[in-house]
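Beneath this line is the structure, given in structure tokens, with notes to follow.
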Amino acid sequence: MDRRKFIARTTLTTAGIAITGIIPSKGGQANTKPSDTINIALIGCRNMGFGILQHHLSNEGVNCVAMCDIDDAVLNEKAAEVKKKFNQTPKLYKDFRKLLEQKDIDAVIIGTPDHWHCLIMVYALQAGKDVYCEKPMANTIEECNTMVKAASYYNKQVVQIGQQQRSGFIFQKAMELIKNDKIGKLRKVNIWANFEYGVGQKIVPDEPVPAGVDFDMWLGPAPARSFNKTRFHGSWRMFWDYGGGLFSDWGVHLIDMGLWAKDITTPPKKVLVYGGNTYHEPRSRETFDSISVIYPNDDFVINFDVTAGVQKGPYDMPYGLAFIGDNATLVADRSKLILYPEWDSQAKKARTEEYKYTDGKESHGEHVRNFLDCIKTRNKPACPPETGRAAALHVHIPNIAARSGESMLLWDDSKNRFTNSEKANQLITPNYRQPWTLPSF
Ligand SMILES: NC(=O)c1ccc[n+]([C@@H]2O[C@H](COP(=O)([O-])OP(=O)(O)OC[C@H]3O[C@@H](n4cnc5c(N)ncnc54)[C@H](O)[C@@H]3O)[C@@H](O)[C@H]2O)c1
């Protein structure tokens, strides 16, 4: 069937948005306008989304024209804060499809839980908006694939994934040191993330949906179930239908730096994995509290170790990366970068110079500025969807291994399949709940 007719047959909702699962039409006007002012909308307002909105509004000429949340309490509280801090009065919505009909919106921030990212991003692109989508890019491999294809289909629009370390000084400097041979040949990256919150909350019974919450719209494409506050705001991360646990939450940020160091832009071909629960008591959680992953390559290896329920780690850091080279180990987190030179016992001197920087800050502001610049220039942002996908698949694949009881998985990216586990193949594509369907391109 010719593409034009195919698109014309797409069923549209009132918002002009396809929910049929076939190629969405190029419904919106590709966004090329913004010059002096940029009109932003926020979908998913509670925590990170609101933080990212505030970073946008701290820039000259950026307006918040719309906000959407399925929880009235969150929406009203955050809208009041926008009024107080920035003297702006956005239109408020409970259904993001209605928000996307608002014509003056140039770009949307997606600050919802991970299971919503894919659909909202596709619909926003279809409506002609640029997109800042929080990480991990999506909750499954197939949703990540769909988002990469969507961004390429709507290729006039700018898509930034919220892996903000790409835009900050610390990791840019780390990459400069590594790529300018300051640590010698990079042989290994050790990564760790130990956080108490990763064990989930104390178990409590289900309860009625709180007033003002559209829980069906919170669940969206995820399976229907009764309300439990330990699976809702913030703590949804510990349940497979919505997130990938501490490992995916911190994992995408940290693995992204390991991949950047070697300019790796593809998913892992092989992973060796332990995933299990070693914490002393049951908690409200499905994801694993302990994960150890090896990503082997011929002459380079990444080790990733996650322990929830504790906050101590190597170099007295709860999370971090150690880039191990022949001449030095470079240790980094978001606040510091320390290079520990190796000692050359023959020459009786260090193999390289010391380096230390300890004044690093969170880099959300820089990442947002990069997005705003790209909205104006139409250039590719610091973290495009391909980069988001590579990082996301590096956490989804080990999670799938652990969930399928496989200690080793082999991934064939060209076939979008695991070659050694049918059980694992069942977890590539989410089973969307009607009426939601995963768009295909
Ligand atoms: N880049 C970072 O450093 C960073 C840090 C924290 C969180 N995050 C990411 O940000 C995202 C949000 O995390 P959070 O901690 O803010 O979660 P949260 O649960 O605190 O907030 C999510 C908000 O989205 C709303 N929501 C859910 N479904 C919606 C829908 N269909 N339409 C509109 N609103 C909807 C919820 O009601 C809630 O207010 C996640 O993807 C998370 O991984 C990124």
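Simple scheme: letters A, B, ... for chains in structure tokens order, numbers from 1 for residues in each chain, numbers from 1 for ligands in the order shown.
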Open item on the list: Residues near A:Ser58, anyone? I mean within 9 Å using only C-alpha atoms, not counting same-chain ones fewer than 4 positions away, as a ChimeraX atom specification.
Closed with: /A:53-54,62,86,365
Selection file, all heavy atoms, as an mmCIF file, in the first residue's frame:
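Result saved to selection_15.cif:
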```
data_model
loop_
_atom_site.group_PDB
_atom_site.id
_atom_site.type_symbol
_atom_site.label_atom_id
_atom_site.label_comp_id
_atom_site.auth_asym_id
_atom_site.auth_seq_id
_atom_site.Cartn_x
_atom_site.Cartn_y
_atom_site.Cartn_z
ATOM 1 N N LEU A 53 11.430 21.549 34.318
ATOM 2 C CA LEU A 53 10.670 22.739 33.903
ATOM 3 C C LEU A 53 11.316 23.994 34.483
ATOM 4 O O LEU A 53 11.502 24.997 33.788
ATOM 5 C CB LEU A 53 9.210 22.630 34.373
ATOM 6 C CG LEU A 53 8.375 23.889 34.087
ATOM 7 C CD1 LEU A 53 8.144 24.066 32.583
ATOM 8 C CD2 LEU A 53 7.035 23.846 34.818
ATOM 9 N N GLN A 54 11.682 23.929 35.759
ATOM 10 C CA GLN A 54 12.281 25.115 36.383
ATOM 11 C C GLN A 54 13.607 25.485 35.713
ATOM 12 O O GLN A 54 13.909 26.671 35.556
ATOM 13 C CB GLN A 54 12.490 24.870 37.875
ATOM 14 C CG GLN A 54 11.173 24.752 38.625
ATOM 15 C CD GLN A 54 11.401 24.679 40.120
ATOM 16 O OE1 GLN A 54 11.518 25.698 40.790
ATOM 17 N NE2 GLN A 54 11.468 23.471 40.636
ATOM 18 N N VAL A 62 11.788 31.924 27.954
ATOM 19 C CA VAL A 62 11.100 30.627 27.975
ATOM 20 C C VAL A 62 9.836 30.756 28.826
ATOM 21 O O VAL A 62 9.893 31.225 29.967
ATOM 22 C CB VAL A 62 12.006 29.515 28.541
ATOM 23 C CG1 VAL A 62 11.262 28.182 28.553
ATOM 24 C CG2 VAL A 62 13.286 29.402 27.721
ATOM 25 N N PHE A 86 7.696 32.255 38.908
ATOM 26 C CA PHE A 86 7.975 32.763 37.552
ATOM 27 C C PHE A 86 6.874 33.687 37.023
ATOM 28 O O PHE A 86 6.941 34.142 35.894
ATOM 29 C CB PHE A 86 8.166 31.586 36.586
ATOM 30 C CG PHE A 86 9.281 30.654 37.005
ATOM 31 C CD1 PHE A 86 9.013 29.487 37.700
ATOM 32 C CD2 PHE A 86 10.606 30.973 36.716
ATOM 33 C CE1 PHE A 86 10.039 28.638 38.104
ATOM 34 C CE2 PHE A 86 11.637 30.125 37.112
ATOM 35 C CZ PHE A 86 11.358 28.955 37.802
ATOM 36 N N GLY A 365 20.829 21.824 34.332
ATOM 37 C CA GLY A 365 20.716 23.175 33.746
ATOM 38 C C GLY A 365 21.406 23.242 32.393
ATOM 39 O O GLY A 365 20.850 23.775 31.417
#
```
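Residues of stretch 136-266 of chain A assigned to strand (DSSP E or B) by DSSP on this structure's backbone: Val159, Gln160, Ile161, Leu186, Arg187, Lys188, Val189, Asn190, Ile191, Trp192, Ala193, Asn194, Phe195, Gln201 and Val213 of chain A.
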Those residues with C-alpha atoms, as a PDB file, in the first residue's frame please?
```pdb
ATOM      1  CA  VAL A 159      14.511  15.156  20.816  1.00  0.00           C
ATOM      2  CA  GLN A 160      16.691  15.296  23.906  1.00  0.00           C
ATOM      3  CA  ILE A 161      16.835  12.359  26.327  1.00  0.00           C
ATOM      4  CA  LEU A 186      41.289   2.202  28.751  1.00  0.00           C
ATOM      5  CA  ARG A 187      40.902  -1.448  29.731  1.00  0.00           C
ATOM      6  CA  LYS A 188      38.062  -1.589  32.199  1.00  0.00           C
ATOM      7  CA  VAL A 189      35.263   0.519  33.661  1.00  0.00           C
ATOM      8  CA  ASN A 190      33.969  -0.401  37.106  1.00  0.00           C
ATOM      9  CA  ILE A 191      30.598   1.148  37.923  1.00  0.00           C
ATOM     10  CA  TRP A 192      28.618   0.983  41.141  1.00  0.00           C
ATOM     11  CA  ALA A 193      25.332   2.371  42.462  1.00  0.00           C
ATOM     12  CA  ASN A 194      24.289   1.687  46.057  1.00  0.00           C
ATOM     13  CA  PHE A 195      21.181   3.455  47.312  1.00  0.00           C
ATOM     14  CA  GLN A 201       8.969   0.737  50.712  1.00  0.00           C
ATOM     15  CA  VAL A 213      -6.201  10.973  40.882  1.00  0.00           C
TER      16      VAL A 213
END
```
Task: Test item: residues lying within 6 Å of ligand 1 with only C-alpha atoms and all ligand atoms, as a list in words - done: Ile43, Gly44, Cys45, Arg46, Asn47, Met48, Gly49, Cys68, Asp69, Ile70, Asp71, Val74, Phe96, Gly111, Thr112, Pro113, Asp114, Glu134, Lys135, Pro136, Gly162, Gln163, Met217, Trp218, His233, Gly234 and Asp249 of chain A
Put those residues in a file: N, CA, C and O atoms, as a tab-separated table (two decimals), in the first residue's frame.
```
chain	number	residue	atom	x	y	z
A	43	ILE	N	4.53	17.54	30.99
A	43	ILE	CA	3.61	16.40	31.20
A	43	ILE	C	4.25	15.50	32.25
A	43	ILE	O	5.32	14.93	32.03
A	44	GLY	N	3.60	15.41	33.42
A	44	GLY	CA	4.18	14.65	34.55
A	44	GLY	C	4.95	15.63	35.42
A	44	GLY	O	6.12	15.89	35.19
A	45	CYS	N	4.24	16.18	36.44
A	45	CYS	CA	4.75	17.40	37.10
A	45	CYS	C	5.40	17.20	38.45
A	45	CYS	O	5.91	18.17	39.03
A	46	ARG	N	5.42	16.00	39.01
A	46	ARG	CA	5.70	15.90	40.45
A	46	ARG	C	7.15	16.20	40.83
A	46	ARG	O	7.43	17.13	41.58
A	47	ASN	N	8.08	15.43	40.34
A	47	ASN	CA	9.44	15.51	40.88
A	47	ASN	C	10.41	16.00	39.80
A	47	ASN	O	10.69	17.20	39.68
A	48	MET	N	10.94	15.07	39.03
A	48	MET	CA	11.98	15.47	38.07
A	48	MET	C	11.44	16.36	36.97
A	48	MET	O	12.09	17.31	36.56
A	49	GLY	N	10.23	16.05	36.52
A	49	GLY	CA	9.64	16.87	35.46
A	49	GLY	C	9.59	18.33	35.89
A	49	GLY	O	9.95	19.24	35.13
A	68	CYS	N	0.42	19.32	32.65
A	68	CYS	CA	-0.54	18.22	32.70
A	68	CYS	C	-0.10	17.22	33.76
A	68	CYS	O	1.08	16.84	33.81
A	69	ASP	N	-1.04	16.78	34.58
A	69	ASP	CA	-0.78	15.67	35.50
A	69	ASP	C	-2.11	14.98	35.77
A	69	ASP	O	-3.16	15.63	35.77
A	70	ILE	N	-2.04	13.69	36.03
A	70	ILE	CA	-3.25	12.93	36.33
A	70	ILE	C	-3.67	13.09	37.80
A	70	ILE	O	-4.71	12.58	38.20
A	71	ASP	N	-2.84	13.78	38.58
A	71	ASP	CA	-3.13	13.98	40.00
A	71	ASP	C	-3.39	15.47	40.24
A	71	ASP	O	-2.47	16.31	40.12
A	74	VAL	N	-1.02	17.33	42.70
A	74	VAL	CA	0.31	17.65	42.14
A	74	VAL	C	0.19	18.81	41.16
A	74	VAL	O	0.95	19.79	41.22
A	96	PHE	N	-2.98	14.33	28.57
A	96	PHE	CA	-1.92	14.92	27.75
A	96	PHE	C	-2.33	15.08	26.29
A	96	PHE	O	-1.80	15.91	25.56
A	111	GLY	N	7.88	14.08	31.97
A	111	GLY	CA	8.38	13.77	33.32
A	111	GLY	C	7.53	12.71	34.00
A	111	GLY	O	7.45	12.66	35.22
A	112	THR	N	6.88	11.87	33.20
A	112	THR	CA	6.05	10.79	33.75
A	112	THR	C	6.93	9.59	34.11
A	112	THR	O	8.10	9.53	33.72
A	113	PRO	N	6.36	8.58	34.80
A	113	PRO	CA	7.09	7.32	34.95
A	113	PRO	C	7.45	6.73	33.58
A	113	PRO	O	6.82	7.04	32.56
A	114	ASP	N	8.42	5.81	33.59
A	114	ASP	CA	9.03	5.32	32.35
A	114	ASP	C	8.04	4.64	31.39
A	114	ASP	O	8.23	4.69	30.18
A	134	GLU	N	12.51	12.41	29.76
A	134	GLU	CA	13.35	11.91	30.84
A	134	GLU	C	13.87	10.50	30.56
A	134	GLU	O	13.34	9.79	29.73
A	135	LYS	N	14.92	10.15	31.26
A	135	LYS	CA	15.52	8.83	31.14
A	135	LYS	C	14.90	7.89	32.16
A	135	LYS	O	14.27	8.38	33.08
A	136	PRO	N	15.06	6.56	32.12
A	136	PRO	CA	15.48	5.86	30.92
A	136	PRO	C	14.46	6.12	29.81
A	136	PRO	O	13.27	6.21	30.07
A	162	GLY	N	16.93	12.70	28.74
A	162	GLY	CA	17.42	13.36	29.96
A	162	GLY	C	18.63	12.71	30.62
A	162	GLY	O	18.65	12.58	31.85
A	163	GLN	N	19.62	12.31	29.84
A	163	GLN	CA	20.89	11.81	30.42
A	163	GLN	C	21.83	13.01	30.52
A	163	GLN	O	22.76	13.19	29.74
A	217	MET	N	-5.47	6.55	34.00
A	217	MET	CA	-4.56	7.28	33.10
A	217	MET	C	-3.12	7.21	33.62
A	217	MET	O	-2.19	7.37	32.85
A	218	TRP	N	-2.94	7.01	34.91
A	218	TRP	CA	-1.58	6.78	35.43
A	218	TRP	C	-1.07	5.44	34.91
A	218	TRP	O	0.07	5.31	34.46
A	233	HIS	N	3.42	7.29	43.14
A	233	HIS	CA	4.39	8.37	42.98
A	233	HIS	C	5.77	7.97	43.52
A	233	HIS	O	5.91	7.57	44.68
A	234	GLY	N	6.76	8.11	42.71
A	234	GLY	CA	8.15	7.88	43.13
A	234	GLY	C	8.54	6.41	43.21
A	234	GLY	O	9.53	5.99	42.63
A	249	ASP	N	17.31	2.91	37.04
A	249	ASP	CA	17.17	4.31	37.45
A	249	ASP	C	18.52	5.04	37.41
A	249	ASP	O	18.66	6.09	36.78
```
Open item on the list: List the spatial neighbours of A:Arg285 as a PyMOL selection string - criterion: any atom at most 8 Å away, only C-alpha atoms, same-chain residues fewer than 5 positions off excluded.
Closed with: chain A and resi 199-201+238-239
Task: Test item, alpha helix (DSSP H) assignment across stretch 20-191 of chain A, answer as a PyMOL selection string - done: chain A and resi 48-57+72-86+96-99+117-126+141-153+169-179
Could you name the residues that touch stretch 140-142 of chain A at 9 Å or less, counting only C-alpha atoms, but leaving out those on the same chain fewer than 4 positions away, as a PDB file with N, CA and C atoms, in the first residue's frame?
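The result, stored in out.pdb:
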```pdb
ATOM      1  N   HIS A 115       7.001   3.976  31.932  1.00  0.00           N
ATOM      2  CA  HIS A 115       6.116   3.201  31.057  1.00  0.00           C
ATOM      3  C   HIS A 115       5.279   4.074  30.141  1.00  0.00           C
ATOM      4  N   THR A 146      10.993   1.902  18.980  1.00  0.00           N
ATOM      5  CA  THR A 146       9.913   2.722  18.409  1.00  0.00           C
ATOM      6  C   THR A 146      10.263   4.211  18.504  1.00  0.00           C
ATOM      7  N   MET A 147      10.828   4.596  19.625  1.00  0.00           N
ATOM      8  CA  MET A 147      11.143   6.027  19.818  1.00  0.00           C
ATOM      9  C   MET A 147      12.265   6.480  18.885  1.00  0.00           C
ATOM     10  N   GLY A 243       8.908   0.425  35.655  1.00  0.00           N
ATOM     11  CA  GLY A 243      10.326   0.814  35.726  1.00  0.00           C
ATOM     12  C   GLY A 243      11.236  -0.393  35.854  1.00  0.00           C
ATOM     13  N   ARG A 389      18.834   5.049  23.621  1.00  0.00           N
ATOM     14  CA  ARG A 389      18.539   3.621  23.407  1.00  0.00           C
ATOM     15  C   ARG A 389      19.729   2.748  23.815  1.00  0.00           C
ATOM     16  N   ALA A 392      19.780   2.594  27.522  1.00  0.00           N
ATOM     17  CA  ALA A 392      18.611   1.882  28.065  1.00  0.00           C
ATOM     18  C   ALA A 392      18.735   0.377  27.823  1.00  0.00           C
ATOM     19  N   LEU A 393      19.196  -0.009  26.637  1.00  0.00           N
ATOM     20  CA  LEU A 393      19.315  -1.460  26.376  1.00  0.00           C
ATOM     21  C   LEU A 393      20.416  -2.097  27.221  1.00  0.00           C
ATOM     22  N   HIS A 396      18.221  -2.728  30.265  1.00  0.00           N
ATOM     23  CA  HIS A 396      17.081  -3.632  30.068  1.00  0.00           C
ATOM     24  C   HIS A 396      17.544  -5.069  29.820  1.00  0.00           C
ATOM     25  N   ILE A 397      18.616  -5.239  29.072  1.00  0.00           N
ATOM     26  CA  ILE A 397      19.060  -6.601  28.739  1.00  0.00           C
ATOM     27  C   ILE A 397      19.493  -7.378  29.997  1.00  0.00           C
ATOM     28  N   ASN A 416      16.825  -8.062  16.456  1.00  0.00           N
ATOM     29  CA  ASN A 416      16.027  -7.640  17.603  1.00  0.00           C
ATOM     30  C   ASN A 416      15.575  -8.858  18.434  1.00  0.00           C
ATOM     31  N   LEU A 427      10.186 -10.866  26.751  1.00  0.00           N
ATOM     32  CA  LEU A 427      10.197  -9.596  27.504  1.00  0.00           C
ATOM     33  C   LEU A 427      10.683  -8.405  26.669  1.00  0.00           C
ATOM     34  N   ILE A 428      10.806  -8.595  25.364  1.00  0.00           N
ATOM     35  CA  ILE A 428      11.290  -7.491  24.510  1.00  0.00           C
ATOM     36  C   ILE A 428      10.199  -6.447  24.289  1.00  0.00           C
ATOM     37  N   THR A 429       8.979  -6.930  24.084  1.00  0.00           N
ATOM     38  CA  THR A 429       7.878  -6.032  23.689  1.00  0.00           C
ATOM     39  C   THR A 429       6.815  -5.998  24.780  1.00  0.00           C
ATOM     40  N   PRO A 430       6.374  -4.809  25.186  1.00  0.00           N
ATOM     41  CA  PRO A 430       5.340  -4.759  26.234  1.00  0.00           C
ATOM     42  C   PRO A 430       3.970  -5.123  25.664  1.00  0.00           C
ATOM     43  N   LEU A 438       1.078   0.085  20.868  1.00  0.00           N
ATOM     44  CA  LEU A 438       2.425   0.570  20.564  1.00  0.00           C
ATOM     45  C   LEU A 438       2.475   0.947  19.083  1.00  0.00           C
TER      46      LEU A 438
END
```
Task: From A:Leu410, A:Ile302, A:Ala332, A:Val131, residue lying nearest A:Ala424 [only C-alpha atoms] - done: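 Smallest separation from A:Ala424 among the options: A:Leu410.
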Task: One-decimal distance in Å that lies between atom CA of A:Asp413 and atom CA of A:Cys374 - done: 29.5 Å
Task: Selected residue of minimal separation from A:Lys156 among A:Thr287, A:Pro90, A:Pro223, A:Ile375, counting only C-alpha atoms - done: A:Ile375
Open item on the list: If we count only C-alpha atoms and set the cut-off at 9 Å, which residues sit around A:Val209, ignoring sequence neighbours fewer than 2 positions away in its own chain? Please answer as an MDAnalysis selection string.
Closed with: chainID A and resid 207 211:215 226:229
Give me a file of those residues, with N, CA and C atoms, as a short mmCIF file (atom, residue, chain, number, x, y, z; two decimals), in the first residue's frame.
```cif
data_model
loop_
_atom_site.label_atom_id
_atom_site.label_comp_id
_atom_site.auth_asym_id
_atom_site.auth_seq_id
_atom_site.Cartn_x
_atom_site.Cartn_y
_atom_site.Cartn_z
N GLU A 207 -5.46 0.24 48.69
CA GLU A 207 -6.47 1.15 49.25
C GLU A 207 -7.22 1.82 48.11
N ALA A 211 -8.66 10.79 46.06
CA ALA A 211 -9.49 11.75 45.33
C ALA A 211 -8.61 12.60 44.42
N GLY A 212 -9.12 12.87 43.24
CA GLY A 212 -8.39 13.75 42.32
C GLY A 212 -7.35 13.05 41.48
N VAL A 213 -7.19 11.73 41.66
CA VAL A 213 -6.20 10.97 40.88
C VAL A 213 -6.92 10.18 39.79
N ASP A 214 -6.50 10.35 38.54
CA ASP A 214 -7.01 9.50 37.45
C ASP A 214 -6.05 8.32 37.32
N PHE A 215 -6.33 7.28 38.12
CA PHE A 215 -5.40 6.15 38.21
C PHE A 215 -5.35 5.35 36.91
N SER A 226 -5.35 -2.80 41.26
CA SER A 226 -5.87 -1.91 42.29
C SER A 226 -4.75 -0.98 42.77
N PHE A 227 -5.17 0.06 43.50
CA PHE A 227 -4.22 1.11 43.88
C PHE A 227 -3.43 0.70 45.13
N ASN A 228 -2.13 0.94 45.08
CA ASN A 228 -1.29 0.75 46.26
C ASN A 228 -0.26 1.88 46.25
N LYS A 229 -0.16 2.61 47.35
CA LYS A 229 0.68 3.82 47.30
C LYS A 229 2.17 3.49 47.17
#
```
Quick one: everything within 12 Å of stretch 339-345 of chain A, counting only C-alpha atoms, minus sequence neighbours fewer than 6 positions away in the same chain. Send it as a PDB file with C-alpha atoms, in the first residue's frame.
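Output below, filename selection-v7.pdb:
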```pdb
ATOM      1  CA  LYS A 173      36.366  16.632  31.249  1.00  0.00           C
ATOM      2  CA  ALA A 174      36.559  12.903  32.023  1.00  0.00           C
ATOM      3  CA  LEU A 177      41.237  13.103  29.735  1.00  0.00           C
ATOM      4  CA  ILE A 178      40.445   9.561  28.558  1.00  0.00           C
ATOM      5  CA  LYS A 182      45.844  10.704  30.039  1.00  0.00           C
ATOM      6  CA  ILE A 183      45.120   7.301  31.596  1.00  0.00           C
ATOM      7  CA  GLY A 184      46.709   5.196  28.836  1.00  0.00           C
ATOM      8  CA  TYR A 315      36.276   5.329  47.195  1.00  0.00           C
ATOM      9  CA  LEU A 321      32.769   5.083  37.924  1.00  0.00           C
ATOM     10  CA  ALA A 322      36.407   4.014  37.915  1.00  0.00           C
ATOM     11  CA  PHE A 323      37.919   4.187  34.420  1.00  0.00           C
ATOM     12  CA  ILE A 324      40.949   1.908  34.603  1.00  0.00           C
ATOM     13  CA  GLY A 325      43.761   2.575  32.146  1.00  0.00           C
ATOM     14  CA  ASP A 326      47.318   1.298  31.878  1.00  0.00           C
ATOM     15  CA  ASN A 327      48.690   4.544  33.315  1.00  0.00           C
ATOM     16  CA  ALA A 328      46.002   5.660  35.753  1.00  0.00           C
ATOM     17  CA  THR A 329      42.554   5.128  37.195  1.00  0.00           C
ATOM     18  CA  LEU A 330      40.133   8.003  36.794  1.00  0.00           C
ATOM     19  CA  VAL A 331      37.355   8.047  39.404  1.00  0.00           C
ATOM     20  CA  ALA A 332      34.232  10.146  38.863  1.00  0.00           C
ATOM     21  CA  ARG A 351      53.153   7.241  34.742  1.00  0.00           C
ATOM     22  CA  THR A 352      51.020  10.328  34.323  1.00  0.00           C
ATOM     23  CA  GLU A 353      50.151  13.570  36.094  1.00  0.00           C
ATOM     24  CA  GLU A 354      47.634  13.792  38.908  1.00  0.00           C
ATOM     25  CA  TYR A 355      44.359  15.586  38.272  1.00  0.00           C
ATOM     26  CA  LYS A 356      41.670  16.535  40.747  1.00  0.00           C
ATOM     27  CA  TYR A 357      38.464  18.552  40.424  1.00  0.00           C
ATOM     28  CA  THR A 358      35.979  18.484  43.285  1.00  0.00           C
TER      29      THR A 358
END
```
Open item on the list: If we count only C-alpha atoms and set the cut-off at 12 Å, which residues sit around A:Lys149, ignoring sequence neighbours fewer than 3 positions away in its own chain? Please answer as JSON, numbers by chain.
Closed with: {"A": [23, 24, 118, 121, 122, 125, 142, 143, 144, 145, 146, 152, 153, 154, 155, 159, 384, 385, 386, 389, 439, 440, 441]}
Please dump the current selection as a short mmCIF file (atom, residue, chain, number, x, y, z; two decimals), in the first residue's frame; keep N, CA and C atoms.
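Everything below was put into result_15.cif:
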```cif
data_model
loop_
_atom_site.label_atom_id
_atom_site.label_comp_id
_atom_site.auth_asym_id
_atom_site.auth_seq_id
_atom_site.Cartn_x
_atom_site.Cartn_y
_atom_site.Cartn_z
N ILE A 23 1.48 3.33 11.52
CA ILE A 23 2.31 4.54 11.43
C ILE A 23 1.50 5.79 11.72
N PRO A 24 1.89 6.56 12.72
CA PRO A 24 1.17 7.80 13.00
C PRO A 24 1.39 8.80 11.87
N CYS A 118 7.23 6.37 25.88
CA CYS A 118 7.17 6.10 24.45
C CYS A 118 5.93 6.71 23.80
N MET A 121 5.89 10.51 23.85
CA MET A 121 6.85 11.10 22.90
C MET A 121 6.36 10.99 21.46
N VAL A 122 5.84 9.83 21.09
CA VAL A 122 5.36 9.66 19.70
C VAL A 122 4.22 10.65 19.42
N LEU A 125 5.55 14.21 19.11
CA LEU A 125 6.21 14.43 17.81
C LEU A 125 5.16 14.57 16.73
N GLU A 142 11.52 -2.73 22.91
CA GLU A 142 10.74 -2.39 21.72
C GLU A 142 10.25 -0.93 21.76
N GLU A 143 9.95 -0.43 22.95
CA GLU A 143 9.56 0.98 23.04
C GLU A 143 10.75 1.88 22.68
N CYS A 144 11.95 1.50 23.10
CA CYS A 144 13.14 2.29 22.72
C CYS A 144 13.30 2.28 21.20
N ASN A 145 13.12 1.10 20.59
CA ASN A 145 13.23 1.01 19.13
C ASN A 145 12.22 1.94 18.47
N THR A 146 10.99 1.90 18.98
CA THR A 146 9.91 2.72 18.41
C THR A 146 10.26 4.21 18.50
N SER A 152 13.32 9.57 13.99
CA SER A 152 13.89 9.65 12.66
C SER A 152 12.77 9.95 11.63
N TYR A 153 11.57 9.45 11.88
CA TYR A 153 10.43 9.73 11.00
C TYR A 153 10.04 11.21 11.06
N TYR A 154 9.97 11.72 12.29
CA TYR A 154 9.67 13.16 12.47
C TYR A 154 10.99 13.89 12.59
N ASN A 155 11.81 13.80 11.56
CA ASN A 155 13.22 14.18 11.74
C ASN A 155 13.46 15.69 11.77
N VAL A 159 14.80 16.03 19.68
CA VAL A 159 14.51 15.16 20.82
C VAL A 159 15.76 15.03 21.69
N PRO A 384 20.74 12.44 21.87
CA PRO A 384 19.65 12.08 20.96
C PRO A 384 19.12 10.67 21.28
N PRO A 385 18.00 10.27 20.69
CA PRO A 385 17.39 8.98 21.02
C PRO A 385 18.31 7.77 20.83
N GLU A 386 19.20 7.78 19.84
CA GLU A 386 20.09 6.61 19.65
C GLU A 386 20.97 6.42 20.88
N ARG A 389 18.83 5.05 23.62
CA ARG A 389 18.54 3.62 23.41
C ARG A 389 19.73 2.75 23.81
N PRO A 439 2.78 2.21 18.77
CA PRO A 439 2.82 2.58 17.34
C PRO A 439 3.94 1.83 16.63
N SER A 440 3.76 1.60 15.33
CA SER A 440 4.87 0.99 14.58
C SER A 440 5.23 1.88 13.41
N PHE A 441 6.49 1.85 13.03
CA PHE A 441 6.98 2.73 11.96
C PHE A 441 7.64 1.90 10.86
#
```
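When atom CA of A:Glu176 is paired with atom CA of A:Asp316, their separation reads 24.6 Å.
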Open item on the list: My list of candidates is A:Pro210, A:Gly128, A:Gly276, A:Gly388. Which is closest to A:Val108 when distances are computed with only C-alpha atoms?
Closed with: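 Going through A:Pro210, A:Gly128, A:Gly276, A:Gly388 one by one, the smallest distance to A:Val108 is for A:Gly128.
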Open item on the list: I'd like the interatomic distance between atom CA of A:Tyr274 and atom CA of A:Phe300, to a tenth of an Å.
Closed with: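 Atom-to-atom, atom CA of A:Tyr274 and atom CA of A:Phe300 are spaced 20.0 Å apart.
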